[in-house]
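All remarks here apply to the structure that follows.
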Amino acid sequence: MPYRLFYADGSAAMGARVILEEVGETYELIETEIGAGMPRAPELLALNPNGWVPVLLWEHGAIYECGAIVTFLCDRYPEFRLAPAANDADRGVFLQWLFFFSSSLQTAYQMTYHTDRFCESTADHDSVQQRSARRLHELWQVVNDAIGDSNWMLGDRFSAADIYLFMLTTWLSEEHNHPSVENFPNVIRIIDAVVERPSVRKVYSSFIKERSEA
């Protein structure tokens with residue numbers, strides 16, 4: 001059976017979709033409403049009680065959490081070399097960055113886009129969002145410094161971690177006083193390389209067009 005992906009534009013499901021494109025597998029998108037305050041589809045909640053996308057359906061069930069889906073697909077299709085093998089010296093660093101992106105960075109973004117999850121009163125929303133912006137600057141600086149002069153997150157080796165990095169940069173928002181990606185030249189170097197991949201150009205066509213026109 002083809003994969004089925006619970007999906008919403010602008011969400012982490014876009015990163016999972018890029019990986020499906022990278023491995024050339026047939027898949028179906030299940031368009032899903034995940035806007036703040038919007039009710040979640042019962043079909044989504046039955047698979048992921050948190051109400052988030054992506055959720056990937058395959059022949060043996062369902063998987064949620066973007067980092068888990070990315071790792072699952074990379075390991076299922078090792079011939080595409082999107083992740084180091086379990087006994088590869090780079091495996092630990094690959095998992096380190098995938099977990100860092102999916103936990104630390106995504107949580108910092110949630111403080112902006114789902115502020116109510118981090119405070120009891122709307123009176124505290126401004127404080128949480130201000131901390132979100134500062135935290136994003138701190139975390140992206142960590143990433144930028146770690147890249148250094150390397151071509152990719154794993155040095156000279158492209159991996160799904162670079163796709164994940166690109167996905168997260170698309171969430172930076174001037175409207176919410178997030179840091180500009182221009183502050184992180186090493187991150188930009190990876191972005192510029194990732195956007196040349198056909199999989200990314202297909203999934204992120206609108207974003208890439210807007211970026212080129214900016």
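Naming works like this for the structure tokens: A, B, ... for the chains as they're shown, residue 1 at the start of each chain, ligands 1 onward in shown order.
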
I'd like the neighbourhood of region 72-78 of chain A as a ChimeraX atom specification, where a residue qualifies if any of its atoms comes within 9 Å (using only C-alpha atoms), though same-chain residues fewer than 5 positions away should be ignored.
/A:16,19-20,23,63,67,83-86,160

Mind the document's chain letters and residue numbers, and return as a ChimeraX atom specification the residues of region 5-185 of chain A that DSSP labels strand (DSSP E or B).
/A:5-7,27-31,55-58,61-64,152,154-155,157

DSSP helix (DSSP H, G or I) residues within region 7-180 of chain A, as a ChimeraX atom specification
/A:13-23,42-47,66-76,78-80,91-113,115-118,122-147,160-169,174-176

For each of A:Val187, A:Arg157, A:Val143, A:Leu165, take the minimum atom-to-atom distance to Ser102 (chain A), counting only C-alpha atoms, then give the residue where this is smallest.
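For Ser102 (chain A), the nearest of the given residues is A:Leu165.
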
Do you know which residues are at most 12 Å from Asp90 (chain A) counting only C-alpha atoms, after dropping those on the same chain fewer than 5 positions away, and could you put them as a ChimeraX atom specification?
/A:82-85,95-97,153-159,161

Same residues, N, CA and C atoms, output as a PDB file, in the first residue's frame:
ATOM      1  N   LEU A  82      20.440   8.834   3.349  1.00  0.00           N
ATOM      2  CA  LEU A  82      19.940  10.040   4.012  1.00  0.00           C
ATOM      3  C   LEU A  82      20.304  10.070   5.490  1.00  0.00           C
ATOM      4  N   ALA A  83      20.791   8.960   6.005  1.00  0.00           N
ATOM      5  CA  ALA A  83      21.215   8.886   7.398  1.00  0.00           C
ATOM      6  C   ALA A  83      22.339   7.871   7.521  1.00  0.00           C
ATOM      7  N   PRO A  84      23.280   8.109   8.425  1.00  0.00           N
ATOM      8  CA  PRO A  84      24.323   7.105   8.671  1.00  0.00           C
ATOM      9  C   PRO A  84      23.707   5.825   9.237  1.00  0.00           C
ATOM     10  N   ALA A  85      24.298   4.705   8.911  1.00  0.00           N
ATOM     11  CA  ALA A  85      23.835   3.425   9.444  1.00  0.00           C
ATOM     12  C   ALA A  85      24.094   3.346  10.944  1.00  0.00           C
ATOM     13  N   LEU A  95      21.752  11.644  15.025  1.00  0.00           N
ATOM     14  CA  LEU A  95      20.628  11.565  15.963  1.00  0.00           C
ATOM     15  C   LEU A  95      20.630  12.764  16.913  1.00  0.00           C
ATOM     16  N   GLN A  96      21.799  13.205  17.311  1.00  0.00           N
ATOM     17  CA  GLN A  96      21.893  14.376  18.181  1.00  0.00           C
ATOM     18  C   GLN A  96      21.180  15.568  17.563  1.00  0.00           C
ATOM     19  N   TRP A  97      21.494  15.855  16.292  1.00  0.00           N
ATOM     20  CA  TRP A  97      20.894  17.033  15.668  1.00  0.00           C
ATOM     21  C   TRP A  97      19.412  16.838  15.376  1.00  0.00           C
ATOM     22  N   MET A 153      25.472  19.529   8.087  1.00  0.00           N
ATOM     23  CA  MET A 153      25.440  19.272   9.521  1.00  0.00           C
ATOM     24  C   MET A 153      26.398  18.158   9.913  1.00  0.00           C
ATOM     25  N   LEU A 154      26.630  17.206   9.022  1.00  0.00           N
ATOM     26  CA  LEU A 154      27.563  16.114   9.290  1.00  0.00           C
ATOM     27  C   LEU A 154      28.884  16.330   8.564  1.00  0.00           C
ATOM     28  N   GLY A 155      29.309  17.554   8.466  1.00  0.00           N
ATOM     29  CA  GLY A 155      30.589  17.842   7.819  1.00  0.00           C
ATOM     30  C   GLY A 155      30.456  17.894   6.318  1.00  0.00           C
ATOM     31  N   ASP A 156      31.093  16.958   5.615  1.00  0.00           N
ATOM     32  CA  ASP A 156      31.035  16.913   4.153  1.00  0.00           C
ATOM     33  C   ASP A 156      29.957  15.959   3.652  1.00  0.00           C
ATOM     34  N   ARG A 157      29.081  15.528   4.533  1.00  0.00           N
ATOM     35  CA  ARG A 157      28.116  14.475   4.219  1.00  0.00           C
ATOM     36  C   ARG A 157      26.683  15.002   4.337  1.00  0.00           C
ATOM     37  N   PHE A 158      25.981  15.062   3.222  1.00  0.00           N
ATOM     38  CA  PHE A 158      24.570  15.468   3.245  1.00  0.00           C
ATOM     39  C   PHE A 158      23.740  14.408   3.950  1.00  0.00           C
ATOM     40  N   SER A 159      22.708  14.861   4.688  1.00  0.00           N
ATOM     41  CA  SER A 159      21.810  13.922   5.354  1.00  0.00           C
ATOM     42  C   SER A 159      20.441  14.566   5.548  1.00  0.00           C
ATOM     43  N   ALA A 161      19.275  15.437   8.209  1.00  0.00           N
ATOM     44  CA  ALA A 161      19.388  16.522   9.191  1.00  0.00           C
ATOM     45  C   ALA A 161      19.424  17.880   8.507  1.00  0.00           C
TER      46      ALA A 161
END

CA of Thr122 (chain A) to CA of Gln110 (chain A) measures 15.4 Å

What does the distance from CA of Phe100 (chain A) to CA of Leu139 (chain A) come to in Å, to one decimal?
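Separating CA of Phe100 (chain A) from CA of Leu139 (chain A) is a distance of 9.3 Å.
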
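Residue neighbourhood of Phe184 (chain A), excluding near-sequence residues (fewer than 6 positions): Trp140, Gln141 and Asn144 of chain A, at 8 Å, using only C-alpha atoms.
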
Between A:Ala89, A:Gln130, A:Thr170, A:Tyr113, which is the closest to Ser206 (chain A) once you count only C-alpha atoms?
A:Thr170

Of the candidates A:Leu5, A:Ala41, A:Arg91, A:Arg117, which shows the shortest atom-to-atom distance to Ala62 (chain A), using only C-alpha atoms?
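Checking each of A:Leu5, A:Ala41, A:Arg91, A:Arg117 against Ala62 (chain A), counting only C-alpha atoms, the winner is A:Leu5.
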
Fewer than 6 positions away in the same chain doesn't count, so skip those; otherwise give me all residues within 10 Å of region 197-203 of chain A, counting only C-alpha atoms, as a list in words.
Asp9, Met14, Gly15, Arg17, Val18, Ile19, Leu20, Glu21, Glu22, Val23, Gly24, Ile163, Phe166, Met167 and Lys209 of chain A

Write the residues you've just listed into a file as a short mmCIF file (atom, residue, chain, number, x, y, z; two decimals), in the first residue's frame, and include N, CA and C atoms for each of them.
data_model
loop_
_atom_site.label_atom_id
_atom_site.label_comp_id
_atom_site.auth_asym_id
_atom_site.auth_seq_id
_atom_site.Cartn_x
_atom_site.Cartn_y
_atom_site.Cartn_z
N ASP A 9 0.17 22.46 5.11
CA ASP A 9 1.21 23.38 4.67
C ASP A 9 1.74 24.18 5.86
N MET A 14 5.72 18.91 6.15
CA MET A 14 6.42 19.22 4.91
C MET A 14 7.79 18.56 4.88
N GLY A 15 8.46 18.53 6.03
CA GLY A 15 9.76 17.86 6.10
C GLY A 15 9.65 16.37 5.86
N ARG A 17 7.36 14.95 4.15
CA ARG A 17 7.02 14.79 2.73
C ARG A 17 8.27 14.86 1.85
N VAL A 18 9.19 15.75 2.20
CA VAL A 18 10.44 15.83 1.43
C VAL A 18 11.17 14.50 1.46
N ILE A 19 11.21 13.85 2.61
CA ILE A 19 11.90 12.56 2.71
C ILE A 19 11.20 11.53 1.83
N LEU A 20 9.88 11.52 1.80
CA LEU A 20 9.16 10.61 0.90
C LEU A 20 9.52 10.87 -0.55
N GLU A 21 9.67 12.14 -0.91
CA GLU A 21 10.10 12.48 -2.27
C GLU A 21 11.52 12.00 -2.52
N GLU A 22 12.39 12.15 -1.53
CA GLU A 22 13.78 11.75 -1.68
C GLU A 22 13.90 10.25 -1.98
N VAL A 23 13.08 9.45 -1.33
CA VAL A 23 13.18 7.99 -1.53
C VAL A 23 12.30 7.51 -2.68
N GLY A 24 11.55 8.42 -3.31
CA GLY A 24 10.80 8.09 -4.51
C GLY A 24 9.60 7.18 -4.29
N ILE A 163 17.86 18.61 5.68
CA ILE A 163 16.48 18.87 5.28
C ILE A 163 15.68 19.38 6.47
N PHE A 166 16.57 22.96 7.16
CA PHE A 166 15.90 23.85 6.21
C PHE A 166 14.44 24.06 6.60
N MET A 167 13.72 22.97 6.92
CA MET A 167 12.32 23.07 7.29
C MET A 167 12.13 24.06 8.43
N LYS A 209 9.84 30.49 -3.97
CA LYS A 209 9.51 31.63 -4.83
C LYS A 209 9.49 32.92 -4.04
#

One decimal, Å: what's the distance from CA of Pro49 (chain A) over to CA of Cys66 (chain A), could you say?
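Distance between the two atoms: 14.9 Å.
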
Using only C-alpha atoms, which protein or nucleic acid residues come within 12 Å of Ser180 (chain A)? Drop anything in the same chain fewer than 2 positions from it, and give the result as number ranges by chain.
A: 133-134, 136-137, 140-141, 169-178, 182-185, 187-188

For region 42-45 of chain A, find every residue with an atom within 9 Å (counting only C-alpha atoms), except residues of its own chain fewer than 6 positions away, and show them as JSON, numbers by chain.
{"A": [6, 32, 51, 52, 53, 55]}

Out of A:Ala68, A:Val93, A:Ala36, A:Leu168, which residue has the shortest atom-to-atom distance to Thr107 (chain A) when counting only C-alpha atoms?
A:Leu168
